[in-house]
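*Asks:* PDB, C-alpha atoms, file protein-v3.pdb:
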```
ATOM      1  CA  MET P   1       5.452 -56.943 -47.434  1.00  0.00           C
ATOM      2  CA  THR P   2       4.422 -60.430 -46.304  1.00  0.00           C
ATOM      3  CA  THR P   3       0.839 -61.566 -46.012  1.00  0.00           C
ATOM      4  CA  HIS P   4       1.128 -61.839 -42.238  1.00  0.00           C
ATOM      5  CA  THR P   5       2.425 -58.230 -41.905  1.00  0.00           C
ATOM      6  CA  GLY P   6      -0.366 -56.997 -44.177  1.00  0.00           C
ATOM      7  CA  ILE P   7      -3.043 -58.693 -42.054  1.00  0.00           C
ATOM      8  CA  VAL P   8      -1.597 -57.223 -38.845  1.00  0.00           C
ATOM      9  CA  LEU P   9      -1.459 -53.765 -40.424  1.00  0.00           C
ATOM     10  CA  LEU P  10      -5.085 -53.993 -41.652  1.00  0.00           C
ATOM     11  CA  THR P  11      -6.223 -55.190 -38.224  1.00  0.00           C
ATOM     12  CA  MET P  12      -4.512 -52.213 -36.551  1.00  0.00           C
ATOM     13  CA  VAL P  13      -6.106 -49.774 -39.000  1.00  0.00           C
ATOM     14  CA  ALA P  14      -9.522 -51.310 -38.345  1.00  0.00           C
ATOM     15  CA  ILE P  15      -9.057 -50.975 -34.568  1.00  0.00           C
ATOM     16  CA  VAL P  16      -7.990 -47.317 -34.886  1.00  0.00           C
ATOM     17  CA  LEU P  17     -10.985 -46.528 -37.127  1.00  0.00           C
ATOM     18  CA  PHE P  18     -13.351 -48.303 -34.726  1.00  0.00           C
ATOM     19  CA  LEU P  19     -11.986 -46.361 -31.715  1.00  0.00           C
ATOM     20  CA  ALA P  20     -12.090 -43.055 -33.607  1.00  0.00           C
ATOM     21  CA  SER P  21     -15.727 -43.552 -34.635  1.00  0.00           C
ATOM     22  CA  ASN P  22     -16.746 -44.414 -31.069  1.00  0.00           C
ATOM     23  CA  PHE P  23     -14.877 -41.369 -29.735  1.00  0.00           C
ATOM     24  CA  ALA P  24     -16.462 -39.048 -32.305  1.00  0.00           C
ATOM     25  CA  SER P  25     -19.950 -40.238 -31.409  1.00  0.00           C
ATOM     26  CA  SER P  26     -19.305 -39.646 -27.686  1.00  0.00           C
ATOM     27  CA  VAL P  27     -17.957 -36.083 -28.047  1.00  0.00           C
ATOM     28  CA  PRO P  28     -20.571 -33.510 -26.954  1.00  0.00           C
ATOM     29  CA  THR P  29     -21.788 -31.139 -29.615  1.00  0.00           C
ATOM     30  CA  ASN P  30     -22.346 -28.028 -27.513  1.00  0.00           C
ATOM     31  CA  ALA P  31     -19.956 -25.986 -25.332  1.00  0.00           C
ATOM     32  CA  THR P  32     -21.729 -26.662 -22.027  1.00  0.00           C
ATOM     33  CA  ALA P  33     -21.627 -30.416 -22.547  1.00  0.00           C
ATOM     34  CA  LEU P  34     -17.964 -30.156 -23.555  1.00  0.00           C
ATOM     35  CA  ASN P  35     -17.130 -28.184 -20.385  1.00  0.00           C
ATOM     36  CA  ASN P  36     -18.985 -30.778 -18.290  1.00  0.00           C
ATOM     37  CA  ALA P  37     -17.076 -33.593 -19.987  1.00  0.00           C
ATOM     38  CA  LEU P  38     -13.774 -31.811 -19.356  1.00  0.00           C
ATOM     39  CA  GLU P  39     -14.684 -31.288 -15.681  1.00  0.00           C
ATOM     40  CA  GLU P  40     -15.414 -34.994 -15.328  1.00  0.00           C
ATOM     41  CA  LEU P  41     -12.127 -35.967 -16.973  1.00  0.00           C
ATOM     42  CA  PHE P  42      -9.886 -33.296 -15.517  1.00  0.00           C
ATOM     43  CA  LEU P  43     -10.148 -30.365 -13.115  1.00  0.00           C
ATOM     44  CA  PRO P  44     -13.141 -28.030 -12.954  1.00  0.00           C
ATOM     45  CA  PHE P  45     -13.139 -25.593 -15.857  1.00  0.00           C
ATOM     46  CA  HIS P  46     -13.185 -22.499 -13.599  1.00  0.00           C
ATOM     47  CA  LEU P  47      -9.827 -23.517 -12.067  1.00  0.00           C
ATOM     48  CA  PHE P  48      -7.900 -23.344 -15.359  1.00  0.00           C
ATOM     49  CA  PRO P  49      -7.133 -19.586 -15.039  1.00  0.00           C
ATOM     50  CA  LEU P  50      -5.771 -20.177 -11.513  1.00  0.00           C
ATOM     51  CA  ILE P  51      -3.605 -23.082 -12.593  1.00  0.00           C
ATOM     52  CA  PHE P  52      -2.040 -21.288 -15.514  1.00  0.00           C
ATOM     53  CA  ALA P  53      -1.868 -17.859 -13.841  1.00  0.00           C
ATOM     54  CA  ASP P  54       1.463 -16.114 -13.608  1.00  0.00           C
ATOM     55  CA  HIS P  55       1.632 -16.152  -9.812  1.00  0.00           C
ATOM     56  CA  GLY P  56       3.351 -13.260  -8.122  1.00  0.00           C
ATOM     57  CA  GLN P  57       1.923 -10.661 -10.488  1.00  0.00           C
ATOM     58  CA  GLU P  58      -1.771 -10.619  -9.597  1.00  0.00           C
ATOM     59  CA  VAL P  59      -1.179  -7.525  -7.430  1.00  0.00           C
ATOM     60  CA  SER P  60       1.450  -4.765  -7.660  1.00  0.00           C
ATOM     61  CA  ILE P  61       2.554  -3.277  -4.343  1.00  0.00           C
ATOM     62  CA  MET P  62       4.709  -0.249  -3.553  1.00  0.00           C
ATOM     63  CA  LEU P  63       5.823   1.470  -0.381  1.00  0.00           C
ATOM     64  CA  ASP P  64       3.729   4.349   0.969  1.00  0.00           C
ATOM     65  CA  SER P  65       5.629   4.803   4.261  1.00  0.00           C
ATOM     66  CA  ALA P  66       7.622   2.851   6.819  1.00  0.00           C
ATOM     67  CA  GLN P  67       8.726   3.419  10.411  1.00  0.00           C
ATOM     68  CA  PHE P  68      10.873   1.603  12.970  1.00  0.00           C
ATOM     69  CA  ILE P  69      10.152   3.473  16.184  1.00  0.00           C
ATOM     70  CA  PRO P  70      10.190   2.878  19.949  1.00  0.00           C
ATOM     71  CA  LEU P  71       6.818   1.909  21.422  1.00  0.00           C
ATOM     72  CA  THR P  72       5.112   4.692  23.355  1.00  0.00           C
ATOM     73  CA  THR P  73       3.940   2.184  25.974  1.00  0.00           C
ATOM     74  CA  GLY P  74       5.832  -0.925  26.988  1.00  0.00           C
ATOM     75  CA  ARG P  75       9.243  -2.079  25.889  1.00  0.00           C
ATOM     76  CA  GLY P  76      10.391  -2.669  22.351  1.00  0.00           C
ATOM     77  CA  ASN P  77      10.176  -1.124  18.935  1.00  0.00           C
ATOM     78  CA  GLN P  78       7.546  -1.302  16.250  1.00  0.00           C
ATOM     79  CA  VAL P  79       7.908  -1.871  12.521  1.00  0.00           C
ATOM     80  CA  ASN P  80       5.017  -0.091  10.819  1.00  0.00           C
ATOM     81  CA  VAL P  81       4.715  -0.347   7.016  1.00  0.00           C
ATOM     82  CA  LEU P  82       1.992   1.092   4.754  1.00  0.00           C
ATOM     83  CA  LEU P  83       1.816  -0.317   1.229  1.00  0.00           C
ATOM     84  CA  ASN P  84      -0.249   0.897  -1.704  1.00  0.00           C
ATOM     85  CA  TYR P  85      -1.513  -1.753  -4.098  1.00  0.00           C
ATOM     86  CA  ASP P  86      -3.108  -2.097  -7.532  1.00  0.00           C
ATOM     87  CA  VAL P  87      -4.786  -5.326  -8.636  1.00  0.00           C
ATOM     88  CA  ASN P  88      -3.595  -6.594 -12.027  1.00  0.00           C
ATOM     89  CA  ASP P  89      -5.872  -9.661 -12.091  1.00  0.00           C
ATOM     90  CA  PRO P  90      -9.544  -8.589 -11.824  1.00  0.00           C
ATOM     91  CA  SER P  91     -10.618 -12.126 -10.860  1.00  0.00           C
ATOM     92  CA  ILE P  92      -9.232 -11.641  -7.327  1.00  0.00           C
ATOM     93  CA  ILE P  93     -11.028  -8.332  -6.578  1.00  0.00           C
ATOM     94  CA  ASN P  94     -13.250  -8.731  -3.482  1.00  0.00           C
ATOM     95  CA  SER P  95     -11.411 -11.948  -2.574  1.00  0.00           C
ATOM     96  CA  GLN P  96      -9.798 -12.572   0.763  1.00  0.00           C
ATOM     97  CA  ILE P  97      -5.993 -12.604   0.526  1.00  0.00           C
ATOM     98  CA  ASN P  98      -3.156 -12.266   3.010  1.00  0.00           C
ATOM     99  CA  SER P  99       0.343 -10.882   3.309  1.00  0.00           C
ATOM    100  CA  VAL P 100       3.581 -11.809   5.014  1.00  0.00           C
ATOM    101  CA  MET P 101       6.157  -9.456   6.522  1.00  0.00           C
ATOM    102  CA  LYS P 102       9.598 -10.777   7.406  1.00  0.00           C
ATOM    103  CA  VAL P 103      12.143  -8.772   9.391  1.00  0.00           C
ATOM    104  CA  TYR P 104      15.836  -9.542   8.880  1.00  0.00           C
ATOM    105  CA  TRP P 105      18.979  -8.740  10.868  1.00  0.00           C
ATOM    106  CA  PRO P 106      21.561  -6.590   9.022  1.00  0.00           C
ATOM    107  CA  ASN P 107      23.499  -9.821   8.283  1.00  0.00           C
ATOM    108  CA  ARG P 108      20.425 -11.086   6.305  1.00  0.00           C
ATOM    109  CA  THR P 109      19.358 -13.628   8.947  1.00  0.00           C
ATOM    110  CA  LEU P 110      15.607 -13.908   9.411  1.00  0.00           C
ATOM    111  CA  PHE P 111      14.564 -12.425  12.754  1.00  0.00           C
ATOM    112  CA  LYS P 112      10.744 -12.477  12.716  1.00  0.00           C
ATOM    113  CA  THR P 113       7.808 -13.371  10.466  1.00  0.00           C
ATOM    114  CA  SER P 114       4.371 -11.845  10.917  1.00  0.00           C
ATOM    115  CA  SER P 115       1.060 -11.891   9.085  1.00  0.00           C
ATOM    116  CA  SER P 116      -2.645 -11.506   9.658  1.00  0.00           C
ATOM    117  CA  HIS P 117      -4.632 -14.516  10.877  1.00  0.00           C
ATOM    118  CA  GLU P 118      -7.752 -13.468   8.978  1.00  0.00           C
ATOM    119  CA  GLY P 119      -6.266 -11.840   5.886  1.00  0.00           C
ATOM    120  CA  PHE P 120      -8.085  -8.983   4.195  1.00  0.00           C
ATOM    121  CA  ILE P 121     -10.458  -8.290   1.316  1.00  0.00           C
ATOM    122  CA  VAL P 122      -8.614  -6.888  -1.692  1.00  0.00           C
ATOM    123  CA  ASN P 123     -10.148  -4.018  -3.664  1.00  0.00           C
ATOM    124  CA  GLU P 124      -9.088  -2.768  -7.094  1.00  0.00           C
ATOM    125  CA  THR P 125      -6.653  -0.372  -5.379  1.00  0.00           C
ATOM    126  CA  GLY P 126      -5.945   0.400  -1.775  1.00  0.00           C
ATOM    127  CA  THR P 127      -3.525   0.672   1.130  1.00  0.00           C
ATOM    128  CA  GLN P 128      -2.636  -2.105   3.530  1.00  0.00           C
ATOM    129  CA  ARG P 129      -0.906  -1.683   6.908  1.00  0.00           C
ATOM    130  CA  HIS P 130       1.626  -4.170   8.305  1.00  0.00           C
ATOM    131  CA  THR P 131       2.978  -3.954  11.846  1.00  0.00           C
ATOM    132  CA  THR P 132       5.024  -6.070  14.187  1.00  0.00           C
ATOM    133  CA  THR P 133       6.615  -5.474  17.569  1.00  0.00           C
ATOM    134  CA  ILE P 134      10.307  -6.175  18.114  1.00  0.00           C
ATOM    135  CA  THR P 135      11.184  -6.756  21.768  1.00  0.00           C
ATOM    136  CA  ASN P 136      14.877  -7.499  21.128  1.00  0.00           C
ATOM    137  CA  SER P 137      16.654  -4.183  21.756  1.00  0.00           C
ATOM    138  CA  LYS P 138      19.782  -5.428  19.946  1.00  0.00           C
ATOM    139  CA  LEU P 139      18.038  -5.376  16.553  1.00  0.00           C
ATOM    140  CA  VAL P 140      19.048  -2.114  14.867  1.00  0.00           C
ATOM    141  CA  ASP P 141      18.825  -1.183  11.208  1.00  0.00           C
ATOM    142  CA  PRO P 142      16.683  -4.169  10.185  1.00  0.00           C
ATOM    143  CA  THR P 143      15.331  -4.888   6.728  1.00  0.00           C
ATOM    144  CA  ALA P 144      11.652  -5.708   6.292  1.00  0.00           C
ATOM    145  CA  VAL P 145      10.241  -7.512   3.258  1.00  0.00           C
ATOM    146  CA  VAL P 146       6.481  -7.566   2.647  1.00  0.00           C
ATOM    147  CA  GLN P 147       4.649  -9.620   0.034  1.00  0.00           C
ATOM    148  CA  PHE P 148       0.959 -10.297  -0.639  1.00  0.00           C
ATOM    149  CA  THR P 149      -0.056 -13.974  -0.738  1.00  0.00           C
ATOM    150  CA  ASN P 150      -3.069 -16.203  -1.084  1.00  0.00           C
ATOM    151  CA  LEU P 151      -5.161 -16.541   2.088  1.00  0.00           C
ATOM    152  CA  ALA P 152      -3.204 -19.635   3.221  1.00  0.00           C
ATOM    153  CA  LYS P 153       0.094 -17.714   2.847  1.00  0.00           C
ATOM    154  CA  THR P 154       1.542 -20.388   0.556  1.00  0.00           C
ATOM    155  CA  VAL P 155       1.494 -18.713  -2.881  1.00  0.00           C
ATOM    156  CA  PRO P 156       2.890 -15.235  -3.598  1.00  0.00           C
ATOM    157  CA  ILE P 157       0.506 -13.008  -5.569  1.00  0.00           C
ATOM    158  CA  SER P 158       2.536  -9.777  -5.586  1.00  0.00           C
ATOM    159  CA  ASN P 159       6.032  -8.502  -5.949  1.00  0.00           C
ATOM    160  CA  PRO P 160       8.026  -8.377  -2.704  1.00  0.00           C
ATOM    161  CA  VAL P 161       8.858  -4.923  -1.316  1.00  0.00           C
ATOM    162  CA  GLN P 162      12.107  -4.550   0.625  1.00  0.00           C
ATOM    163  CA  ILE P 163      12.460  -1.733   3.179  1.00  0.00           C
ATOM    164  CA  ARG P 164      15.671  -0.858   5.040  1.00  0.00           C
ATOM    165  CA  LEU P 165      14.812   0.734   8.376  1.00  0.00           C
ATOM    166  CA  ASN P 166      16.721   2.809  10.937  1.00  0.00           C
ATOM    167  CA  LEU P 167      15.604   3.011  14.556  1.00  0.00           C
ATOM    168  CA  ASP P 168      14.163   6.347  15.729  1.00  0.00           C
ATOM    169  CA  GLN P 169      13.658   7.693  12.232  1.00  0.00           C
ATOM    170  CA  PRO P 170      10.140   8.567  11.127  1.00  0.00           C
ATOM    171  CA  SER P 171      10.469   6.906   7.718  1.00  0.00           C
ATOM    172  CA  ALA P 172      12.524   4.377   5.839  1.00  0.00           C
ATOM    173  CA  THR P 173      15.937   5.428   4.573  1.00  0.00           C
ATOM    174  CA  SER P 174      16.003   3.248   1.522  1.00  0.00           C
ATOM    175  CA  THR P 175      13.447   1.127  -0.255  1.00  0.00           C
ATOM    176  CA  THR P 176      13.440  -1.256  -3.125  1.00  0.00           C
ATOM    177  CA  SER P 177      10.590  -2.896  -4.936  1.00  0.00           C
ATOM    178  CA  THR P 178      11.394  -6.058  -6.817  1.00  0.00           C
ATOM    179  CA  THR P 179       9.217  -7.213  -9.669  1.00  0.00           C
ATOM    180  CA  GLY P 180       9.980 -10.891  -9.689  1.00  0.00           C
ATOM    181  CA  GLN P 181      13.250 -10.922 -11.601  1.00  0.00           C
ATOM    182  CA  GLY P 182      15.609 -13.146  -9.700  1.00  0.00           C
ATOM    183  CA  ALA P 183      12.912 -13.792  -7.098  1.00  0.00           C
ATOM    184  CA  THR P 184      12.915 -16.988  -5.099  1.00  0.00           C
ATOM    185  CA  ASN P 185       9.981 -19.243  -4.333  1.00  0.00           C
ATOM    186  CA  GLU P 186      10.149 -18.185  -0.701  1.00  0.00           C
ATOM    187  CA  ILE P 187       7.564 -15.593   0.298  1.00  0.00           C
ATOM    188  CA  ALA P 188       8.969 -12.232   1.474  1.00  0.00           C
ATOM    189  CA  ALA P 189      12.562 -13.365   0.976  1.00  0.00           C
ATOM    190  CA  LEU P 190      15.515 -11.015   0.667  1.00  0.00           C
ATOM    191  CA  PRO P 191      16.729 -10.880  -2.933  1.00  0.00           C
ATOM    192  CA  PRO P 192      20.122 -12.500  -3.617  1.00  0.00           C
TER     193      PRO P 192
END
```
Translate this file's structure into structure tokens.
*Replies:*
Amino acid sequence: MTTHTGIVLLTMVAIVLFLASNFASSVPTNATALNNALEELFLPFHLFPLIFADHGQEVSIMLDSAQFIPLTTGRGNQVNVLLNYDVNDPSIINSQINSVMKVYWPNRTLFKTSSSHEGFIVNETGTQRHTTTITNSKLVDPTAVVQFTNLAKTVPISNPVQIRLNLDQPSATSTTSTTGQGATNEIAALPP
């Protein structure tokens, strides 16, 4: 090793030791001060569970009942779906969330999307109703897919539930509940 290389190496070690000692003296010694320092440097500490959450599994939903029936007044048919839910993530209980219902033609083409403007308050368990009116009389045997989302309807927080409907029947003929395997990023999408 040459003298010049040795001097450069010693200078680098001195700089590293100087920086390390200054860093150590600036690190807070209690948890509150550390959390405050992290919030100043990064995102607020309370957002970490939301960022690293496994989205799409905060709530489990399953079909209670479904109907695709003619309206009693006016023209058209109504899709009426009742879903039961259980909250898996206690941090969202008593929060306002939303849901999206999409209705598809038998050829898997999206026909209509509906959701609530205000959303709803989620309890630990409960039932949520989803309805939409179909005025196109040519739509027969549609498939509806319902999924719970955040209030802005941009992030799925439940599994999607797929319901195949037949007109004039009091309940769905076939239902499937997907748990996220093979799911797409699109909310209330038909599975592949």
*Asks:* What does the distance between atom CA of P:Val140 and atom CA of P:Thr72 come to in Å, to one decimal place?
*Replies:*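 Separation of atom CA of P:Val140 and atom CA of P:Thr72: 17.7 Å.
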*Asks:* Step by step, work through what the PyMOL selection byres ((chain P and resi 95-104) around 8) selects in the shown file, and finish by giving those residues as a VMD selection string.
*Replies:* chain P and resid 92 to 94 105 to 116 118 to 122 130 142 to 153 187 to 189
*Asks:* Which distance in Å separates atom CA of P:Asn80 and atom CA of P:Thr127, to one decimal?
*Replies:*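 That distance, rounded to one decimal, is 12.9 Å.
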*Asks:* Using Å and a single decimal, report how far atom CA of P:Asp89 sits from atom CA of P:Ser158.
*Replies:*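 So the answer is 10.6 Å.
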*Asks:* Have a look at P:Ile69, P:Leu139, P:Val79, P:Ile157 and name the one nearest to P:Gly56; count only C-alpha atoms.
*Replies:*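 Going through P:Ile69, P:Leu139, P:Val79, P:Ile157 one by one, the smallest distance to P:Gly56 is for P:Ile157.
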*Asks:* Rank P:Glu124, P:Glu186, P:Asp86, P:Asp141 by their smallest atom-to-atom distance to P:Gln67, using only C-alpha atoms, and report the top residue only.
*Replies:* P:Asp141
*Asks:* Identify which of the residues P:Leu82, P:Pro191, P:Glu58, P:Arg75 lies closest to P:Gln128, counting all atoms listed in the file when measuring atom-to-atom distances.
*Replies:*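 Under the stated criterion, the closest residue is P:Leu82.
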